[in-house]
file start.txt (compact mmCIF, C-alpha atoms)
# COMPACT_ATOMS: atom_id res chain seq x y z
CA MET A 1 63.50 143.49 150.25
CA VAL A 2 61.06 146.20 149.23
CA LYS A 3 62.31 149.71 149.92
CA TRP A 4 59.86 152.41 150.95
CA THR A 5 60.66 156.11 151.07
CA ASP A 6 59.31 158.13 154.01
CA SER A 7 56.96 159.82 151.58
CA GLU A 8 55.58 156.46 150.37
CA ARG A 9 55.06 155.24 153.94
CA SER A 10 53.14 158.33 154.92
CA THR A 11 51.09 158.19 151.70
CA ILE A 12 49.97 154.63 152.46
CA GLN A 13 49.19 155.51 156.09
CA SER A 14 47.25 158.52 154.88
CA ILE A 15 45.18 156.54 152.37
CA PHE A 16 44.17 153.99 154.99
CA SER A 17 43.32 156.69 157.53
CA LYS A 18 41.16 158.56 155.00
CA ILE A 19 39.11 155.75 153.48
CA ASP A 20 35.91 154.50 155.03
CA LYS A 21 36.92 150.89 155.55
CA ASP A 22 33.39 149.65 156.04
CA VAL A 23 32.54 151.02 152.60
CA VAL A 24 35.71 150.37 150.61
CA GLY A 25 36.11 146.66 151.36
CA PRO A 26 32.53 145.64 150.52
CA ALA A 27 32.48 147.97 147.47
CA ALA A 28 35.72 146.52 146.07
CA ILE A 29 34.76 142.86 146.46
CA SER A 30 31.25 143.54 145.06
CA ARG A 31 32.73 145.30 142.07
CA CYS A 32 35.10 142.38 141.47
CA LEU A 33 32.21 139.90 141.52
CA ILE A 34 30.17 142.12 139.15
CA VAL A 35 32.86 143.24 136.71
CA TYR A 36 34.68 139.87 136.63
CA PRO A 37 31.82 137.41 137.25
CA TRP A 38 34.03 134.32 136.95
CA THR A 39 35.46 135.29 140.35
CA GLN A 40 32.12 134.19 141.81
CA ARG A 41 33.41 130.63 141.53
CA TYR A 42 35.17 131.11 144.87
CA PHE A 43 32.04 132.19 146.72
CA GLY A 44 29.66 129.29 146.21
CA SER A 45 28.61 129.41 149.87
CA PHE A 46 27.65 133.08 149.78
CA GLY A 47 24.11 132.57 148.52
CA ASN A 48 22.49 134.97 146.06
CA LEU A 49 25.04 136.45 143.62
CA TYR A 50 22.54 136.46 140.78
CA ASN A 51 22.88 140.09 139.69
CA ALA A 52 24.58 143.35 140.66
CA ALA A 53 21.83 144.35 143.09
CA ALA A 54 21.96 140.95 144.84
CA ILE A 55 25.75 141.08 145.12
CA THR A 56 25.78 144.64 146.46
CA SER A 57 23.22 143.83 149.14
CA ASN A 58 24.60 140.38 150.06
CA PRO A 59 25.69 140.46 153.74
CA LYS A 60 28.27 137.69 153.31
CA VAL A 61 29.94 139.67 150.51
CA ALA A 62 30.00 142.78 152.69
CA ALA A 63 31.46 140.85 155.63
CA HIS A 64 34.14 139.42 153.40
CA GLY A 65 35.00 142.89 152.10
CA LYS A 66 35.76 143.92 155.67
CA VAL A 67 37.97 140.84 156.19
CA ILE A 68 39.97 141.84 153.11
CA VAL A 69 40.51 145.42 154.31
CA GLU A 70 41.58 144.16 157.75
CA ALA A 71 44.17 141.99 156.02
CA LEU A 72 45.38 145.00 154.03
CA GLU A 73 45.76 146.93 157.26
CA LYS A 74 47.98 144.14 158.53
CA ALA A 75 50.15 144.73 155.46
CA VAL A 76 50.23 148.47 156.24
CA GLN A 77 51.43 147.66 159.77
CA ASN A 78 54.13 145.33 158.40
CA MET A 79 55.24 147.27 155.34
CA ASP A 80 58.88 146.23 155.68
CA ASN A 81 58.07 142.55 155.48
CA ILE A 82 54.67 141.95 153.94
CA LYS A 83 55.98 138.67 152.54
CA ALA A 84 56.47 137.26 156.06
CA ALA A 85 53.25 138.80 157.38
CA TYR A 86 51.28 137.16 154.54
CA ALA A 87 52.95 133.73 154.54
CA GLU A 88 49.99 131.98 156.17
CA LEU A 89 47.46 133.88 154.03
CA SER A 90 49.35 132.80 150.96
CA VAL A 91 49.25 129.14 151.97
CA LEU A 92 45.52 129.52 152.72
CA HIS A 93 44.76 130.96 149.27
CA SER A 94 46.89 128.37 147.51
CA GLU A 95 46.09 125.16 149.35
CA LYS A 96 42.67 125.62 150.93
CA LEU A 97 40.89 128.24 148.82
CA GLN A 98 42.72 127.34 145.61
CA VAL A 99 42.35 130.82 144.14
CA ASP A 100 43.96 131.45 140.73
CA PRO A 101 46.49 134.21 141.63
CA GLY A 102 45.49 136.14 138.48
CA ASN A 103 42.43 137.15 140.48
CA PHE A 104 44.48 139.08 143.02
CA LYS A 105 45.28 141.67 140.36
CA LEU A 106 41.60 141.96 139.42
CA LEU A 107 40.65 142.69 143.05
CA ALA A 108 43.58 145.14 143.35
CA ASP A 109 42.31 147.03 140.28
CA CYS A 110 38.79 147.19 141.76
CA LEU A 111 40.22 148.49 145.06
CA THR A 112 42.11 151.20 143.16
CA ILE A 113 38.93 152.30 141.39
CA VAL A 114 36.88 152.35 144.61
CA ILE A 115 39.56 154.33 146.45
CA ALA A 116 39.88 156.73 143.48
CA ALA A 117 36.13 157.35 143.78
CA GLN A 118 36.33 157.91 147.56
CA LEU A 119 39.40 160.14 147.74
CA GLY A 120 38.63 162.51 144.83
CA ASN A 121 41.32 165.17 144.45
CA ASP A 122 43.47 163.52 147.12
CA PHE A 123 44.00 160.56 144.77
CA THR A 124 46.71 162.28 142.74
CA PRO A 125 48.86 160.41 140.16
CA ASP A 126 51.68 160.15 142.75
CA VAL A 127 49.32 158.74 145.38
CA GLN A 128 48.02 156.28 142.77
CA ALA A 129 51.60 155.25 141.96
CA THR A 130 52.41 154.58 145.63
CA PHE A 131 49.18 152.65 146.12
CA GLN A 132 49.94 150.59 143.01
CA LYS A 133 53.41 149.78 144.39
CA PHE A 134 51.83 148.73 147.70
CA MET A 135 49.25 146.50 145.97
CA ASN A 136 51.97 144.96 143.77
CA VAL A 137 53.84 143.93 146.95
CA VAL A 138 50.62 142.62 148.54
CA VAL A 139 49.76 140.56 145.43
CA SER A 140 53.31 139.24 145.12
CA SER A 141 53.32 138.24 148.81
CA LEU A 142 50.02 136.40 148.39
CA GLU A 143 51.47 134.49 145.43
CA LYS A 144 54.71 133.62 147.25
CA GLN A 145 53.67 130.26 148.72
CA TYR A 146 52.05 128.88 145.57
CA TYR A 147 53.89 125.97 144.01
CA MET B 1 38.70 138.38 126.03
CA THR B 2 36.22 138.80 123.21
CA MET B 3 33.04 139.11 125.27
CA SER B 4 30.65 141.04 123.06
CA LEU B 5 28.55 143.98 124.23
CA SER B 6 24.89 143.48 125.00
CA VAL B 7 22.33 146.10 123.95
CA LYS B 8 22.22 147.21 127.58
CA ASN B 9 26.03 147.51 127.71
CA LYS B 10 26.01 149.74 124.61
CA ASP B 11 23.26 151.98 126.01
CA THR B 12 25.16 152.24 129.30
CA VAL B 13 28.41 153.20 127.56
CA ARG B 14 26.70 155.79 125.35
CA ALA B 15 24.83 157.34 128.27
CA PHE B 16 27.92 157.59 130.47
CA TRP B 17 29.99 158.93 127.57
CA ALA B 18 27.42 161.68 126.99
CA LYS B 19 27.79 162.63 130.65
CA LEU B 20 31.58 162.85 130.54
CA SER B 21 31.81 164.49 127.09
CA PRO B 22 32.27 168.06 128.37
CA LYS B 23 35.34 166.93 130.31
CA ALA B 24 36.64 164.45 127.73
CA ALA B 25 39.94 166.20 126.97
CA ASP B 26 40.75 166.64 130.69
CA ILE B 27 39.91 163.01 131.38
CA GLY B 28 42.20 161.86 128.58
CA ALA B 29 45.05 164.03 129.80
CA ASP B 30 44.60 162.85 133.42
CA ALA B 31 44.50 159.18 132.35
CA LEU B 32 47.59 159.53 130.17
CA CYS B 33 49.44 161.38 132.92
CA ARG B 34 48.56 158.68 135.46
CA MET B 35 49.68 155.95 133.07
CA LEU B 36 53.08 157.63 132.61
CA VAL B 37 53.54 158.13 136.37
CA VAL B 38 52.15 154.83 137.68
CA TYR B 39 53.47 152.59 134.87
CA PRO B 40 56.75 154.27 133.91
CA GLN B 41 57.59 151.61 131.33
CA THR B 42 54.97 153.30 129.10
CA LYS B 43 57.19 156.37 128.90
CA THR B 44 59.32 154.48 126.40
CA TYR B 45 56.77 155.33 123.69
CA PHE B 46 57.16 159.05 124.24
CA SER B 47 60.91 159.58 124.17
CA HIS B 48 60.33 162.22 121.48
CA TRP B 49 58.49 164.50 123.93
CA LYS B 50 60.47 167.15 125.77
CA ASP B 51 58.21 167.10 128.79
CA LEU B 52 56.31 164.11 130.17
CA SER B 53 55.29 165.71 133.44
CA PRO B 54 51.67 166.03 134.58
CA GLY B 55 50.02 169.08 133.02
CA SER B 56 52.68 169.47 130.32
CA ALA B 57 51.59 170.57 126.83
CA PRO B 58 52.36 167.26 125.04
CA VAL B 59 50.45 165.26 127.69
CA MET B 60 47.44 167.58 127.57
CA MET B 61 47.33 167.56 123.78
CA HIS B 62 47.80 163.84 123.43
CA GLY B 63 45.22 163.08 126.11
CA ALA B 64 42.68 165.00 124.03
CA VAL B 65 43.71 163.11 120.87
CA ILE B 66 43.24 159.77 122.62
CA MET B 67 39.79 160.74 123.86
CA GLN B 68 38.76 161.82 120.36
CA GLY B 69 39.67 158.31 119.25
CA VAL B 70 37.63 156.69 122.01
CA THR B 71 34.69 159.06 121.38
CA ASP B 72 34.83 157.94 117.75
CA ALA B 73 34.82 154.32 118.94
CA VAL B 74 31.65 155.00 120.97
CA ALA B 75 29.99 156.23 117.79
CA LYS B 76 31.13 153.06 115.99
CA ILE B 77 30.25 150.76 118.88
CA ASP B 78 28.24 148.45 116.60
CA ASN B 79 31.26 147.60 114.47
CA LEU B 80 34.52 148.45 116.15
CA THR B 81 36.72 146.25 113.94
CA ASP B 82 35.72 148.04 110.72
CA GLY B 83 35.30 151.41 112.39
CA LEU B 84 38.80 151.46 113.89
CA ASP B 85 40.56 149.97 110.84
CA GLN B 86 42.71 153.03 110.14
CA LEU B 87 43.63 153.51 113.80
CA SER B 88 44.58 149.85 113.94
CA GLN B 89 46.90 150.27 110.98
CA LEU B 90 48.49 153.27 112.68
CA HIS B 91 49.09 151.37 115.94
CA ALA B 92 50.26 148.22 114.16
CA PHE B 93 52.62 149.56 111.54
CA THR B 94 53.68 153.01 112.68
CA LEU B 95 53.38 153.23 116.47
CA ARG B 96 53.90 149.52 117.17
CA VAL B 97 52.57 149.83 120.71
CA ASP B 98 52.69 146.51 122.56
CA PRO B 99 48.96 145.71 122.88
CA ALA B 100 49.43 144.86 126.58
CA ASN B 101 49.58 148.60 127.12
CA PHE B 102 46.00 149.08 125.91
CA LYS B 103 44.88 147.35 129.12
CA VAL B 104 47.05 149.69 131.17
CA LEU B 105 45.57 152.81 129.55
CA SER B 106 42.04 151.40 129.87
CA HIS B 107 42.57 150.86 133.61
CA ASN B 108 43.77 154.44 134.02
CA LEU B 109 40.84 155.81 132.01
CA MET B 110 38.50 154.00 134.40
CA VAL B 111 40.41 155.25 137.47
CA VAL B 112 39.81 158.82 136.23
CA MET B 113 36.15 158.08 135.48
CA ALA B 114 35.68 156.76 139.03
CA ASN B 115 37.64 159.68 140.46
CA GLN B 116 35.67 162.39 138.62
CA PHE B 117 32.24 160.71 138.48
CA PRO B 118 32.12 158.72 141.74
CA LYS B 119 28.33 158.58 141.82
CA ASP B 120 27.90 157.73 138.14
CA PHE B 121 30.65 155.14 137.74
CA SER B 122 28.56 152.40 139.31
CA PRO B 123 29.47 148.70 139.07
CA GLU B 124 27.09 148.37 136.09
CA VAL B 125 28.77 151.25 134.26
CA HIS B 126 32.18 149.84 135.24
CA VAL B 127 31.53 146.41 133.73
CA ALA B 128 30.09 147.90 130.51
CA MET B 129 33.05 150.28 130.16
CA ASP B 130 35.58 147.52 130.95
CA LYS B 131 34.07 145.34 128.20
CA PHE B 132 33.90 148.25 125.74
CA LEU B 133 37.53 149.33 126.28
CA ALA B 134 38.67 145.71 125.96
CA LEU B 135 36.88 145.49 122.61
CA VAL B 136 38.41 148.79 121.49
CA ALA B 137 41.83 147.37 122.36
CA LEU B 138 41.01 144.23 120.38
CA ALA B 139 39.95 146.28 117.35
CA LEU B 140 43.15 148.33 117.61
CA SER B 141 45.17 145.10 117.64
CA GLU B 142 43.43 143.69 114.52
CA LYS B 143 46.15 144.58 112.02
CA TYR B 144 49.14 143.60 114.17
CA ARG B 145 49.73 140.17 112.70

call {"tool": "encode", "arguments": {"input": "start.txt", "output": "structure tokens"}}
result
Amino acid sequence: MVKWTDSERSTIQSIFSKIDKDVVGPAAISRCLIVYPWTQRYFGSFGNLYNAAAITSNPKVAAHGKVIVEALEKAVQNMDNIKAAYAELSVLHSEKLQVDPGNFKLLADCLTIVIAAQLGNDFTPDVQATFQKFMNVVVSSLEKQYY
Amino acid sequence: MTMSLSVKNKDTVRAFWAKLSPKAADIGADALCRMLVVYPQTKTYFSHWKDLSPGSAPVMMHGAVIMQGVTDAVAKIDNLTDGLDQLSQLHAFTLRVDPANFKVLSHNLMVVMANQFPKDFSPEVHVAMDKFLALVALALSEKYR
């Protein structure tokens, strides 16, 4: 069981209340597809991913970014048992989407960088540490059902 | 990952580095501080410091030292392996830092870059910097075994 202090809970709530979700999700997934282009293998149906400009303006990429942030919000609402909350998502990524779990860390790193850019001085080292802990739990929960 | 830098990557890294140069020492200190706080296992390399807290003298000083090294690497971007030979020997034989930690520091350097230069640290700059720092790490690992 993951233990959260009151301070960590409020930090996570605060991050998600401060970020512009419509910007952060699309920015993070675009960055992932640009910085780690092999991740494009999972988005064959998304159309033009030919270069950074195409990726950034691709509406399917943007829509998917929002889906990802909505899923993260579900984790925020279920912080005491993200593993259970993500069980179906984990099965989906393993059996249907067949995503190499190594990619979850790449997306998490891109999210961190996008949020660092958005929050400025509010993204202190302690806030970063709490966010990293949260993303570690999210990634671990997504990997849980792989076999 | 030994993906080499294109001409465009090198130009992008040099241009962004010129922009951040005035704040280089601060960036180094902030990145080091974040690494120690967010990845506490890295503190094991600094047991000889009295104070590892954010803003402490050893962290500030060492952050500046690290950035001098990376600034030097930018200047030697066309041949990192030869250019960083001495630093590689230092890391391999004296410091014996597990090379996995180079990735951790690189990530934190980029977090600070995004944090302090949100408009400039575009996806194109991000990918060029990620490649560059990975190659610096590789050059630093050259002499390990």

call {"tool": "closest_atom_pairs", "arguments": {"input": "start.txt", "of": "chain A", "to": "chain B", "cutoff": "12 Å", "atoms": "only C-alpha atoms", "output": "tab-separated table"}}
result
residue	atom	partner	partner_atom	distance
A:Ala27	CA	B:Pro123	CA	9.0
A:Ala28	CA	B:Pro123	CA	9.6
A:Ile29	CA	B:Pro123	CA	10.8
A:Ser30	CA	B:Pro123	CA	8.1
A:Arg31	CA	B:Pro123	CA	5.6
A:Cys32	CA	B:Pro123	CA	8.8
A:Leu33	CA	B:Pro123	CA	9.5
A:Ile34	CA	B:Pro123	CA	6.6
A:Val35	CA	B:Val127	CA	4.5
A:Tyr36	CA	B:Val127	CA	7.8
A:Pro37	CA	B:Val127	CA	9.7
A:Asn51	CA	B:Glu124	CA	10.0
A:Ala52	CA	B:Glu124	CA	7.2
A:Ala53	CA	B:Glu124	CA	9.6
A:Ile55	CA	B:Pro123	CA	10.4
A:Thr56	CA	B:Pro123	CA	9.2
A:Lys105	CA	B:His107	CA	11.7
A:Leu106	CA	B:His107	CA	10.7
A:Ala108	CA	B:His107	CA	11.3
A:Asp109	CA	B:His107	CA	7.7
A:Cys110	CA	B:Val111	CA	9.3
A:Leu111	CA	B:Val111	CA	10.2
A:Thr112	CA	B:Val111	CA	7.2
A:Ile113	CA	B:Val111	CA	5.1
A:Val114	CA	B:Ala114	CA	7.2
A:Ile115	CA	B:Asn115	CA	8.3
A:Ala116	CA	B:Asn115	CA	4.8
A:Ala117	CA	B:Asn115	CA	4.3
A:Gln118	CA	B:Pro118	CA	7.2
A:Leu119	CA	B:Asn115	CA	7.5
A:Gly120	CA	B:Asn115	CA	5.3
A:Asn121	CA	B:Asn115	CA	7.7
A:Asp122	CA	B:Asn115	CA	9.6
A:Phe123	CA	B:Asn115	CA	7.7
A:Thr124	CA	B:Arg34	CA	8.3
A:Pro125	CA	B:Arg34	CA	5.0
A:Asp126	CA	B:Val37	CA	6.9
A:Val127	CA	B:Val38	CA	9.1
A:Gln128	CA	B:Val38	CA	6.7
A:Ala129	CA	B:Val38	CA	4.3
A:Thr130	CA	B:Val38	CA	8.0
A:Phe131	CA	B:Val38	CA	9.2
A:Gln132	CA	B:Val38	CA	7.2
A:Lys133	CA	B:Val38	CA	8.5
A:Phe134	CA	B:Val38	CA	11.7
A:Asn136	CA	B:Val38	CA	11.6

call {"tool": "closest_residue", "arguments": {"input": "start.txt", "among": "B:Pro58, B:Phe132, B:Leu95, B:Ala137", "to": "Asp78 of chain B", "atoms": "all atoms listed in the file"}}
result
B:Phe132

call {"tool": "residues_around", "arguments": {"input": "start.txt", "residues": "Glu70 of chain A", "least_positions_apart": "3", "cutoff": "12 Å", "atoms": "all atoms listed in the file", "output": "ChimeraX atom specification"}}
result
/A:16,21-22,24-26,63-67,73-77

call {"tool": "atom_distance", "arguments": {"input": "start.txt", "atom1": "atom CA of Asp85 of chain B", "atom2": "atom CA of Val97 of chain B"}}
result
15.5 Å

call {"tool": "atom_distance", "arguments": {"input": "start.txt", "atom1": "atom CA of Ser6 of chain B", "atom2": "atom CA of Trp38 of chain A"}}
result
17.6 Å

call {"tool": "atom_distance", "arguments": {"input": "start.txt", "atom1": "atom CA of Lys23 of chain B", "atom2": "atom CA of Val70 of chain B"}}
result
13.4 Å

call {"tool": "decode", "arguments": {"input": "start.txt", "residues": "segment 4-20 of chain A", "atoms": "N, CA, C and O atoms", "output": "PDB file, in the first residue's frame"}}
result
ATOM      1  N   TRP A   4       0.571   8.130   1.675  1.00  0.00           N
ATOM      2  CA  TRP A   4       0.698   9.543   1.312  1.00  0.00           C
ATOM      3  C   TRP A   4       0.558  10.389   2.566  1.00  0.00           C
ATOM      4  O   TRP A   4      -0.358  10.175   3.348  1.00  0.00           O
ATOM      5  N   THR A   5       1.460  11.368   2.732  1.00  0.00           N
ATOM      6  CA  THR A   5       1.280  12.318   3.825  1.00  0.00           C
ATOM      7  C   THR A   5       0.207  13.325   3.391  1.00  0.00           C
ATOM      8  O   THR A   5      -0.107  13.442   2.204  1.00  0.00           O
ATOM      9  N   ASP A   6      -0.331  14.069   4.377  1.00  0.00           N
ATOM     10  CA  ASP A   6      -1.326  15.095   4.042  1.00  0.00           C
ATOM     11  C   ASP A   6      -0.736  16.124   3.090  1.00  0.00           C
ATOM     12  O   ASP A   6      -1.404  16.598   2.164  1.00  0.00           O
ATOM     13  N   SER A   7       0.545  16.436   3.341  1.00  0.00           N
ATOM     14  CA  SER A   7       1.238  17.420   2.508  1.00  0.00           C
ATOM     15  C   SER A   7       1.332  16.942   1.062  1.00  0.00           C
ATOM     16  O   SER A   7       1.097  17.700   0.120  1.00  0.00           O
ATOM     17  N   GLU A   8       1.642  15.640   0.872  1.00  0.00           N
ATOM     18  CA  GLU A   8       1.748  15.092  -0.485  1.00  0.00           C
ATOM     19  C   GLU A   8       0.391  15.105  -1.185  1.00  0.00           C
ATOM     20  O   GLU A   8       0.288  15.449  -2.367  1.00  0.00           O
ATOM     21  N   ARG A   9      -0.656  14.742  -0.452  1.00  0.00           N
ATOM     22  CA  ARG A   9      -2.000  14.761  -1.044  1.00  0.00           C
ATOM     23  C   ARG A   9      -2.358  16.157  -1.527  1.00  0.00           C
ATOM     24  O   ARG A   9      -2.847  16.341  -2.646  1.00  0.00           O
ATOM     25  N   SER A  10      -2.111  17.137  -0.665  1.00  0.00           N
ATOM     26  CA  SER A  10      -2.517  18.491  -1.058  1.00  0.00           C
ATOM     27  C   SER A  10      -1.647  19.015  -2.188  1.00  0.00           C
ATOM     28  O   SER A  10      -2.111  19.774  -3.039  1.00  0.00           O
ATOM     29  N   THR A  11      -0.365  18.580  -2.222  1.00  0.00           N
ATOM     30  CA  THR A  11       0.511  18.991  -3.333  1.00  0.00           C
ATOM     31  C   THR A  11      -0.021  18.477  -4.665  1.00  0.00           C
ATOM     32  O   THR A  11      -0.082  19.212  -5.655  1.00  0.00           O
ATOM     33  N   ILE A  12      -0.424  17.197  -4.695  1.00  0.00           N
ATOM     34  CA  ILE A  12      -0.935  16.613  -5.935  1.00  0.00           C
ATOM     35  C   ILE A  12      -2.236  17.305  -6.351  1.00  0.00           C
ATOM     36  O   ILE A  12      -2.420  17.656  -7.515  1.00  0.00           O
ATOM     37  N   GLN A  13      -3.133  17.518  -5.368  1.00  0.00           N
ATOM     38  CA  GLN A  13      -4.388  18.221  -5.672  1.00  0.00           C
ATOM     39  C   GLN A  13      -4.076  19.607  -6.259  1.00  0.00           C
ATOM     40  O   GLN A  13      -4.686  20.048  -7.225  1.00  0.00           O
ATOM     41  N   SER A  14      -3.136  20.271  -5.632  1.00  0.00           N
ATOM     42  CA  SER A  14      -2.767  21.618  -6.044  1.00  0.00           C
ATOM     43  C   SER A  14      -2.213  21.648  -7.460  1.00  0.00           C
ATOM     44  O   SER A  14      -2.586  22.491  -8.277  1.00  0.00           O
ATOM     45  N   ILE A  15      -1.330  20.708  -7.781  1.00  0.00           N
ATOM     46  CA  ILE A  15      -0.769  20.653  -9.140  1.00  0.00           C
ATOM     47  C   ILE A  15      -1.895  20.534 -10.157  1.00  0.00           C
ATOM     48  O   ILE A  15      -1.975  21.280 -11.122  1.00  0.00           O
ATOM     49  N   PHE A  16      -2.806  19.567  -9.911  1.00  0.00           N
ATOM     50  CA  PHE A  16      -3.851  19.310 -10.895  1.00  0.00           C
ATOM     51  C   PHE A  16      -4.887  20.422 -10.946  1.00  0.00           C
ATOM     52  O   PHE A  16      -5.595  20.556 -11.938  1.00  0.00           O
ATOM     53  N   SER A  17      -4.980  21.233  -9.885  1.00  0.00           N
ATOM     54  CA  SER A  17      -5.910  22.363  -9.965  1.00  0.00           C
ATOM     55  C   SER A  17      -5.251  23.550 -10.674  1.00  0.00           C
ATOM     56  O   SER A  17      -5.933  24.387 -11.245  1.00  0.00           O
ATOM     57  N   LYS A  18      -3.901  23.585 -10.666  1.00  0.00           N
ATOM     58  CA  LYS A  18      -3.207  24.728 -11.262  1.00  0.00           C
ATOM     59  C   LYS A  18      -2.949  24.569 -12.754  1.00  0.00           C
ATOM     60  O   LYS A  18      -2.882  25.547 -13.482  1.00  0.00           O
ATOM     61  N   ILE A  19      -2.717  23.336 -13.199  1.00  0.00           N
ATOM     62  CA  ILE A  19      -2.326  23.166 -14.605  1.00  0.00           C
ATOM     63  C   ILE A  19      -3.521  23.339 -15.533  1.00  0.00           C
ATOM     64  O   ILE A  19      -4.653  23.087 -15.156  1.00  0.00           O
ATOM     65  N   ASP A  20      -3.231  23.801 -16.733  1.00  0.00           N
ATOM     66  CA  ASP A  20      -4.250  23.906 -17.763  1.00  0.00           C
ATOM     67  C   ASP A  20      -4.297  22.552 -18.455  1.00  0.00           C
ATOM     68  O   ASP A  20      -3.428  22.220 -19.259  1.00  0.00           O
TER      69      ASP A  20
END
